[in-house]
$ cat model_1.txt   # compact mmCIF, C-alpha atoms
# COMPACT_ATOMS: atom_id res chain seq x y z
CA MET N 1 -19.55 -29.49 5.18
CA VAL N 2 -21.23 -28.28 1.96
CA ILE N 3 -24.84 -27.12 2.05
CA THR N 4 -27.04 -26.31 -0.97
CA GLU N 5 -29.55 -23.45 -1.04
CA ASN N 6 -32.22 -25.98 0.01
CA GLY N 7 -30.26 -26.96 3.11
CA ASP N 8 -29.32 -30.36 1.69
CA LEU N 9 -25.88 -31.83 2.22
CA LEU N 10 -24.15 -31.76 -1.16
CA THR N 11 -22.46 -34.91 -2.39
CA ALA N 12 -22.08 -34.18 -6.14
CA ALA N 13 -18.50 -34.39 -7.41
CA GLY N 14 -18.54 -31.12 -9.40
CA PRO N 15 -18.90 -28.59 -6.57
CA GLU N 16 -16.66 -30.67 -4.30
CA ASP N 17 -13.88 -30.46 -6.88
CA PHE N 18 -14.16 -26.66 -7.03
CA ILE N 19 -14.23 -26.45 -3.25
CA LYS N 20 -11.10 -28.59 -2.90
CA ARG N 21 -9.31 -26.54 -5.55
CA HIS N 22 -10.31 -22.97 -4.65
CA HIS N 23 -11.75 -22.90 -1.12
CA LYS N 24 -8.77 -23.68 1.07
CA HIS N 25 -8.83 -22.19 4.55
CA HIS N 26 -6.43 -22.74 7.42
CA VAL N 27 -8.79 -23.68 10.25
CA GLY N 28 -7.67 -23.41 13.86
CA ASP N 29 -9.06 -25.29 16.87
CA ASP N 30 -11.30 -22.39 17.92
CA GLN N 31 -12.63 -21.68 14.43
CA CYS N 32 -15.45 -22.97 12.26
CA THR N 33 -15.72 -23.26 8.50
CA SER N 34 -18.32 -24.18 5.93
CA SER N 35 -19.10 -23.92 2.20
CA LEU N 36 -22.44 -23.09 0.63
CA VAL N 37 -23.61 -23.53 -2.97
CA LYS N 38 -26.23 -21.58 -4.91
CA HIS N 39 -27.40 -22.29 -8.46
CA ILE N 40 -28.30 -19.06 -10.27
CA LYS N 41 -30.37 -18.84 -13.45
CA ALA N 42 -28.18 -16.12 -14.96
CA PRO N 43 -25.01 -16.27 -17.08
CA LEU N 44 -21.65 -16.25 -15.34
CA PRO N 45 -20.44 -12.87 -16.72
CA LEU N 46 -23.48 -11.14 -15.24
CA VAL N 47 -23.13 -12.85 -11.83
CA TRP N 48 -19.38 -12.23 -11.73
CA SER N 49 -19.92 -8.54 -12.54
CA LEU N 50 -21.81 -8.24 -9.23
CA VAL N 51 -19.55 -10.45 -7.10
CA ARG N 52 -16.31 -8.74 -8.17
CA ARG N 53 -17.50 -5.23 -7.18
CA PHE N 54 -15.57 -4.88 -3.93
CA ASP N 55 -16.55 -1.20 -3.95
CA GLN N 56 -20.31 -1.92 -4.16
CA PRO N 57 -21.29 -4.93 -2.03
CA GLN N 58 -24.66 -3.28 -1.41
CA SER N 59 -25.60 -4.04 -5.04
CA TYR N 60 -26.62 -7.51 -3.85
CA LYS N 61 -25.87 -7.86 -0.13
CA PRO N 62 -29.08 -7.01 1.75
CA PHE N 63 -27.39 -6.21 5.07
CA VAL N 64 -25.03 -3.57 3.64
CA SER N 65 -26.33 0.00 3.54
CA ARG N 66 -23.19 1.83 2.44
CA CYS N 67 -19.60 1.16 1.42
CA ILE N 68 -16.64 3.50 1.29
CA MET N 69 -13.55 2.10 -0.39
CA GLN N 70 -10.10 3.48 0.31
CA GLY N 71 -7.78 3.40 -2.72
CA ASP N 72 -7.99 1.70 -6.07
CA LEU N 73 -9.51 -1.72 -6.66
CA LYS N 74 -6.48 -3.96 -6.06
CA ILE N 75 -5.30 -6.60 -3.61
CA GLY N 76 -4.97 -5.04 -0.15
CA THR N 77 -7.60 -2.37 -0.74
CA VAL N 78 -9.76 -1.73 2.34
CA ARG N 79 -13.45 -0.87 2.44
CA GLU N 80 -15.57 0.40 5.32
CA VAL N 81 -19.05 -1.14 5.23
CA ASN N 82 -22.08 0.13 7.14
CA VAL N 83 -24.37 -2.67 8.27
CA LYS N 84 -28.15 -2.23 8.30
CA SER N 85 -29.96 -2.40 11.62
CA GLY N 86 -31.16 -5.77 12.79
CA LEU N 87 -27.71 -7.32 12.99
CA PRO N 88 -25.36 -7.21 15.98
CA ALA N 89 -23.02 -4.76 14.21
CA THR N 90 -22.95 -1.32 12.60
CA THR N 91 -19.62 -1.34 10.75
CA SER N 92 -17.19 -3.76 9.19
CA ARG N 93 -13.72 -3.01 7.84
CA GLU N 94 -12.76 -5.44 5.08
CA ARG N 95 -9.67 -6.06 2.95
CA LEU N 96 -9.63 -7.44 -0.59
CA GLU N 97 -7.45 -10.57 -0.54
CA LEU N 98 -7.93 -11.92 -4.08
CA LEU N 99 -9.73 -10.84 -7.25
CA ASP N 100 -9.11 -13.23 -10.15
CA ASP N 101 -11.12 -12.34 -13.26
CA GLU N 102 -9.79 -15.39 -15.14
CA GLU N 103 -10.76 -18.05 -12.59
CA HIS N 104 -13.63 -15.97 -11.12
CA ILE N 105 -12.35 -16.06 -7.54
CA PHE N 106 -13.04 -13.32 -4.98
CA SER N 107 -11.68 -13.35 -1.44
CA MET N 108 -11.96 -10.87 1.40
CA ARG N 109 -10.96 -10.71 5.07
CA ILE N 110 -12.55 -8.73 7.87
CA VAL N 111 -9.88 -6.62 9.54
CA GLY N 112 -12.01 -4.57 11.94
CA GLY N 113 -15.44 -3.33 12.92
CA ASP N 114 -17.86 -3.52 15.82
CA HIS N 115 -18.95 -7.14 15.51
CA ARG N 116 -17.99 -10.60 16.72
CA LEU N 117 -16.69 -11.99 13.41
CA LYS N 118 -13.01 -12.08 14.34
CA ASN N 119 -10.52 -13.49 11.84
CA TYR N 120 -13.32 -13.89 9.29
CA SER N 121 -12.20 -14.74 5.78
CA SER N 122 -14.35 -15.77 2.82
CA ILE N 123 -13.86 -17.00 -0.72
CA ILE N 124 -16.49 -16.80 -3.46
CA THR N 125 -16.10 -18.61 -6.77
CA VAL N 126 -18.53 -18.71 -9.67
CA HIS N 127 -18.68 -21.46 -12.28
CA PRO N 128 -20.67 -21.79 -15.52
CA GLU N 129 -23.40 -24.40 -15.73
CA ILE N 130 -26.55 -25.06 -17.73
CA ILE N 131 -29.85 -24.66 -15.86
CA ASP N 132 -33.10 -25.48 -17.66
CA GLY N 133 -31.25 -25.40 -21.00
CA ARG N 134 -29.90 -21.88 -20.44
CA PRO N 135 -26.55 -20.50 -19.28
CA GLY N 136 -26.45 -20.43 -15.50
CA THR N 137 -23.94 -20.03 -12.71
CA MET N 138 -23.00 -22.07 -9.69
CA ALA N 139 -21.82 -19.75 -6.90
CA ILE N 140 -19.83 -21.24 -4.01
CA GLU N 141 -19.00 -19.28 -0.88
CA SER N 142 -16.83 -20.62 1.91
CA PHE N 143 -15.64 -19.02 5.12
CA VAL N 144 -13.59 -19.47 8.24
CA VAL N 145 -14.12 -17.49 11.44
CA ASP N 146 -13.19 -17.57 15.12
CA VAL N 147 -15.79 -18.98 17.49
CA PRO N 148 -16.59 -16.13 19.94
CA ASP N 149 -16.43 -16.75 23.67
CA GLY N 150 -19.79 -18.03 24.88
CA ASN N 151 -20.71 -19.63 21.55
CA THR N 152 -20.22 -23.09 20.12
CA LYS N 153 -18.82 -23.95 16.69
CA ASP N 154 -22.30 -25.04 15.60
CA GLU N 155 -23.90 -21.77 16.74
CA THR N 156 -21.24 -19.70 15.00
CA CYS N 157 -21.47 -21.67 11.75
CA TYR N 158 -25.26 -21.51 11.82
CA PHE N 159 -25.21 -17.72 12.19
CA VAL N 160 -22.65 -17.12 9.43
CA GLU N 161 -24.32 -19.65 7.11
CA ALA N 162 -27.63 -17.82 7.57
CA LEU N 163 -25.99 -14.52 6.52
CA ILE N 164 -24.31 -16.12 3.51
CA LYS N 165 -27.56 -17.84 2.46
CA CYS N 166 -29.27 -14.43 2.48
CA ASN N 167 -26.43 -12.92 0.44
CA LEU N 168 -26.44 -15.77 -2.09
CA LYS N 169 -30.24 -15.65 -2.42
CA SER N 170 -30.05 -11.92 -3.01
CA LEU N 171 -27.22 -12.42 -5.54
CA ALA N 172 -29.44 -14.91 -7.37
CA ASP N 173 -32.49 -12.62 -7.24
CA VAL N 174 -30.58 -9.57 -8.56
CA SER N 175 -28.73 -11.59 -11.22
CA GLU N 176 -31.86 -13.38 -12.44
CA ARG N 177 -33.80 -10.11 -12.61
CA LEU N 178 -31.00 -8.48 -14.64
CA ALA N 179 -30.77 -11.55 -16.91
CA LEU N 180 -34.50 -11.43 -17.52
CA GLN N 181 -34.27 -7.71 -18.36
CA ASP N 182 -31.50 -8.49 -20.87
CA ARG N 183 -33.62 -11.19 -22.54
CA THR N 184 -36.63 -8.86 -22.61
CA GLN N 185 -34.54 -6.09 -24.19
CA LEU N 186 -33.32 -8.55 -26.87
CA VAL N 187 -36.92 -9.43 -27.74
CA ASN N 188 -37.97 -5.77 -27.92
$ encode --input "model_1.txt" --output "structure tokens"
Amino acid sequence: MVITENGDLLTAAGPEDFIKRHHKHHVGDDQCTSSLVKHIKAPLPLVWSLVRRFDQPQSYKPFVSRCIMQGDLKIGTVREVNVKSGLPATTSRERLELLDDEEHIFSMRIVGGDHRLKNYSSIITVHPEIIDGRPGTMAIESFVVDVPDGNTKDETCYFVEALIKCNLKSLADVSERLALQDRTQLVN
């Protein structure tokens, strides 16, 4: 399933091609998966500069209050994330799985924490596009996660999709604000 930021089911060939190519998850019987798409009115280099910062997810993720990274920024690096109140968690321990600056692919896996997102893995890709005649970015985030005891696949997907939608909206808001500041600085 692919859902746009408006909640519409996506049928366009472009995003589907990227999803088939870059968003491959091994999904077990007791897991759910989904992909979400967000169109951002900011150039890809700016958006990617935020997404790739494994050490600073709080720069655009509204539910992250603090992040402590252990080691250098490389595959296998682990970060400890503090989650803001209001969610059923306080910490999440996450490992960097992939960081490809050429293809603009970021992947992480949750490896611990006090939450119910067991075996959670996500992939984010960003792709250039033109929006309203200006350079823009299509961000795609997909995930796979275990369905916790007492929940259905639909409930689990709905919860995770809601979190990702918030993160993607915040990524768009921060990126678009920074892009507007850059354009304003060029005029001045």
$ closest_residue --input "model_1.txt" --among "N:Ala42, N:Val144, N:Ile164, N:Val27" --to "Phe63 (chain N)" --atoms "all atoms listed in the file"
N:Ile164
$ residues_around --input "model_1.txt" --residues "Pro135 (chain N)" --least-positions-apart "2" --cutoff "10 Å" --atoms "only C-alpha atoms" --output "CSV table (one decimal) with C-alpha atoms, in the frame of the given file"
chain,number,residue,atom,x,y,z
N,40,ILE,CA,-28.3,-19.1,-10.3
N,41,LYS,CA,-30.4,-18.8,-13.4
N,42,ALA,CA,-28.2,-16.1,-15.0
N,43,PRO,CA,-25.0,-16.3,-17.1
N,44,LEU,CA,-21.6,-16.2,-15.3
N,128,PRO,CA,-20.7,-21.8,-15.5
N,129,GLU,CA,-23.4,-24.4,-15.7
N,130,ILE,CA,-26.6,-25.1,-17.7
N,131,ILE,CA,-29.8,-24.7,-15.9
N,132,ASP,CA,-33.1,-25.5,-17.7
N,133,GLY,CA,-31.2,-25.4,-21.0
N,137,THR,CA,-23.9,-20.0,-12.7
$ residues_around --input "model_1.txt" --residues "Trp48 (chain N)" --least-positions-apart "2" --cutoff "12 Å" --atoms "only C-alpha atoms" --output "PyMOL selection string"
chain N and resi 40+42-46+50-54+60+99-106+124-128+136-140+171-172+174-175
$ residues_around --input "model_1.txt" --residues "region 69-72 of chain N" --least-positions-apart "4" --cutoff "9 Å" --atoms "only C-alpha atoms" --output "PyMOL selection string"
chain N and resi 54-56+77-81
$ write_last_selection --input "model_1.txt" --atoms "C-alpha atoms" --output "tab-separated table (two decimals), keeping the file's coordinate frame"
chain	number	residue	atom	x	y	z
N	54	PHE	CA	-15.57	-4.88	-3.93
N	55	ASP	CA	-16.55	-1.20	-3.95
N	56	GLN	CA	-20.31	-1.92	-4.16
N	77	THR	CA	-7.60	-2.37	-0.74
N	78	VAL	CA	-9.76	-1.73	2.34
N	79	ARG	CA	-13.45	-0.87	2.44
N	80	GLU	CA	-15.57	0.40	5.32
N	81	VAL	CA	-19.05	-1.14	5.23
$ closest_residue --input "model_1.txt" --among "N:Tyr120, N:Glu97, N:Pro57, N:Cys32" --to "Tyr158 (chain N)" --atoms "only C-alpha atoms"
N:Cys32
$ atom_distance --input "model_1.txt" --atom1 "CA of Val111 (chain N)" --atom2 "CA of Lys38 (chain N)"
26.5 Å
$ residues_near_point --input "model_1.txt" --point "(-16.5, -8.2, 13.6)" --cutoff "10 Å" --atoms "all atoms listed in the file" --output "list of chain:residue names"
N:Pro88, N:Ala89, N:Thr90, N:Thr91, N:Ser92, N:Arg93, N:Glu94, N:Ile110, N:Val111, N:Gly112, N:Gly113, N:Asp114, N:His115, N:Arg116, N:Leu117, N:Lys118, N:Asn119, N:Tyr120, N:Val145
$ atom_distance --input "model_1.txt" --atom1 "CA of His23 (chain N)" --atom2 "CA of Ser142 (chain N)"
6.3 Å
$ atom_distance --input "model_1.txt" --atom1 "CA of Val64 (chain N)" --atom2 "CA of Leu180 (chain N)"
24.5 Å
$ closest_residue --input "model_1.txt" --among "N:Ser65, N:Ser49, N:Gln31, N:Ser170" --to "Val83 (chain N)" --atoms "all atoms listed in the file"
N:Ser65
$ build_atoms --input "model_1.txt" --residues "region 56-67 of chain N" --atoms "all heavy atoms" --output "CSV table (one decimal), in the coordinates of the input"
chain,number,residue,atom,x,y,z
N,56,GLN,N,-18.9,-2.0,-4.2
N,56,GLN,CA,-20.3,-1.9,-4.2
N,56,GLN,C,-21.0,-3.2,-3.7
N,56,GLN,O,-21.8,-3.8,-4.4
N,56,GLN,CB,-20.9,-1.5,-5.5
N,56,GLN,CG,-20.5,-0.1,-5.9
N,56,GLN,CD,-21.2,0.3,-7.3
N,56,GLN,OE1,-22.0,-0.5,-7.8
N,56,GLN,NE2,-20.8,1.4,-7.7
N,57,PRO,N,-20.7,-3.7,-2.5
N,57,PRO,CA,-21.3,-4.9,-2.0
N,57,PRO,C,-22.8,-4.8,-1.8
N,57,PRO,O,-23.5,-5.7,-1.9
N,57,PRO,CB,-20.6,-5.2,-0.7
N,57,PRO,CG,-20.1,-3.9,-0.2
N,57,PRO,CD,-19.8,-3.1,-1.5
N,58,GLN,N,-23.2,-3.5,-1.6
N,58,GLN,CA,-24.7,-3.3,-1.4
N,58,GLN,C,-25.5,-3.5,-2.7
N,58,GLN,O,-26.7,-3.6,-2.6
N,58,GLN,CB,-24.9,-1.9,-0.9
N,58,GLN,CG,-24.6,-0.7,-1.9
N,58,GLN,CD,-23.2,-0.3,-1.9
N,58,GLN,OE1,-22.3,-1.0,-1.5
N,58,GLN,NE2,-23.0,1.0,-2.2
N,59,SER,N,-24.8,-3.8,-3.8
N,59,SER,CA,-25.6,-4.0,-5.0
N,59,SER,C,-26.3,-5.4,-4.9
N,59,SER,O,-27.3,-5.6,-5.6
N,59,SER,CB,-24.7,-4.0,-6.3
N,59,SER,OG,-23.7,-5.1,-6.2
N,60,TYR,N,-25.9,-6.3,-4.1
N,60,TYR,CA,-26.6,-7.5,-3.8
N,60,TYR,C,-26.7,-8.0,-2.4
N,60,TYR,O,-27.4,-8.9,-2.1
N,60,TYR,CB,-26.1,-8.6,-4.8
N,60,TYR,CG,-24.8,-9.3,-4.3
N,60,TYR,CD1,-24.8,-10.4,-3.5
N,60,TYR,CD2,-23.6,-8.8,-4.7
N,60,TYR,CE1,-23.6,-10.9,-3.0
N,60,TYR,CE2,-22.4,-9.3,-4.3
N,60,TYR,CZ,-22.4,-10.4,-3.5
N,60,TYR,OH,-21.2,-11.0,-3.1
N,61,LYS,N,-25.9,-7.4,-1.5
N,61,LYS,CA,-25.9,-7.9,-0.1
N,61,LYS,C,-26.9,-7.1,0.7
N,61,LYS,O,-26.7,-5.9,0.9
N,61,LYS,CB,-24.5,-7.7,0.5
N,61,LYS,CG,-23.5,-8.7,-0.1
N,61,LYS,CD,-22.2,-8.6,0.7
N,61,LYS,CE,-21.2,-9.7,0.1
N,61,LYS,NZ,-20.0,-9.8,0.9
N,62,PRO,N,-28.0,-7.7,1.1
N,62,PRO,CA,-29.1,-7.0,1.8
N,62,PRO,C,-28.8,-6.4,3.1
N,62,PRO,O,-29.5,-5.5,3.5
N,62,PRO,CB,-30.1,-8.1,1.9
N,62,PRO,CG,-29.4,-9.4,1.9
N,62,PRO,CD,-28.2,-9.2,1.1
N,63,PHE,N,-27.7,-6.8,3.8
N,63,PHE,CA,-27.4,-6.2,5.1
N,63,PHE,C,-26.4,-5.0,5.0
N,63,PHE,O,-26.0,-4.5,6.0
N,63,PHE,CB,-26.9,-7.3,6.0
N,63,PHE,CG,-27.8,-8.4,6.2
N,63,PHE,CD1,-27.5,-9.7,5.7
N,63,PHE,CD2,-29.1,-8.2,6.8
N,63,PHE,CE1,-28.4,-10.7,5.9
N,63,PHE,CE2,-30.0,-9.2,7.0
N,63,PHE,CZ,-29.7,-10.5,6.5
N,64,VAL,N,-26.0,-4.7,3.8
N,64,VAL,CA,-25.0,-3.6,3.6
N,64,VAL,C,-25.8,-2.3,3.2
N,64,VAL,O,-26.5,-2.4,2.2
N,64,VAL,CB,-23.9,-3.9,2.6
N,64,VAL,CG1,-23.0,-2.7,2.4
N,64,VAL,CG2,-23.1,-5.1,3.1
N,65,SER,N,-25.6,-1.2,3.9
N,65,SER,CA,-26.3,0.0,3.5
N,65,SER,C,-25.4,1.0,2.8
N,65,SER,O,-25.9,1.7,2.0
N,65,SER,CB,-26.9,0.7,4.8
N,65,SER,OG,-25.9,1.1,5.7
N,66,ARG,N,-24.1,0.9,3.1
N,66,ARG,CA,-23.2,1.8,2.4
N,66,ARG,C,-21.8,1.2,2.5
N,66,ARG,O,-21.4,0.5,3.4
N,66,ARG,CB,-23.2,3.1,3.2
N,66,ARG,CG,-22.4,4.3,2.6
N,66,ARG,CD,-22.7,5.6,3.3
N,66,ARG,NE,-21.9,5.6,4.5
N,66,ARG,CZ,-21.1,6.5,4.9
N,66,ARG,NH1,-20.9,7.6,4.1
N,66,ARG,NH2,-20.4,6.5,6.0
N,67,CYS,N,-21.0,1.6,1.5
N,67,CYS,CA,-19.6,1.2,1.4
N,67,CYS,C,-18.7,2.3,1.0
N,67,CYS,O,-19.0,3.0,0.0
N,67,CYS,CB,-19.5,0.0,0.5
N,67,CYS,SG,-17.8,-0.5,0.2
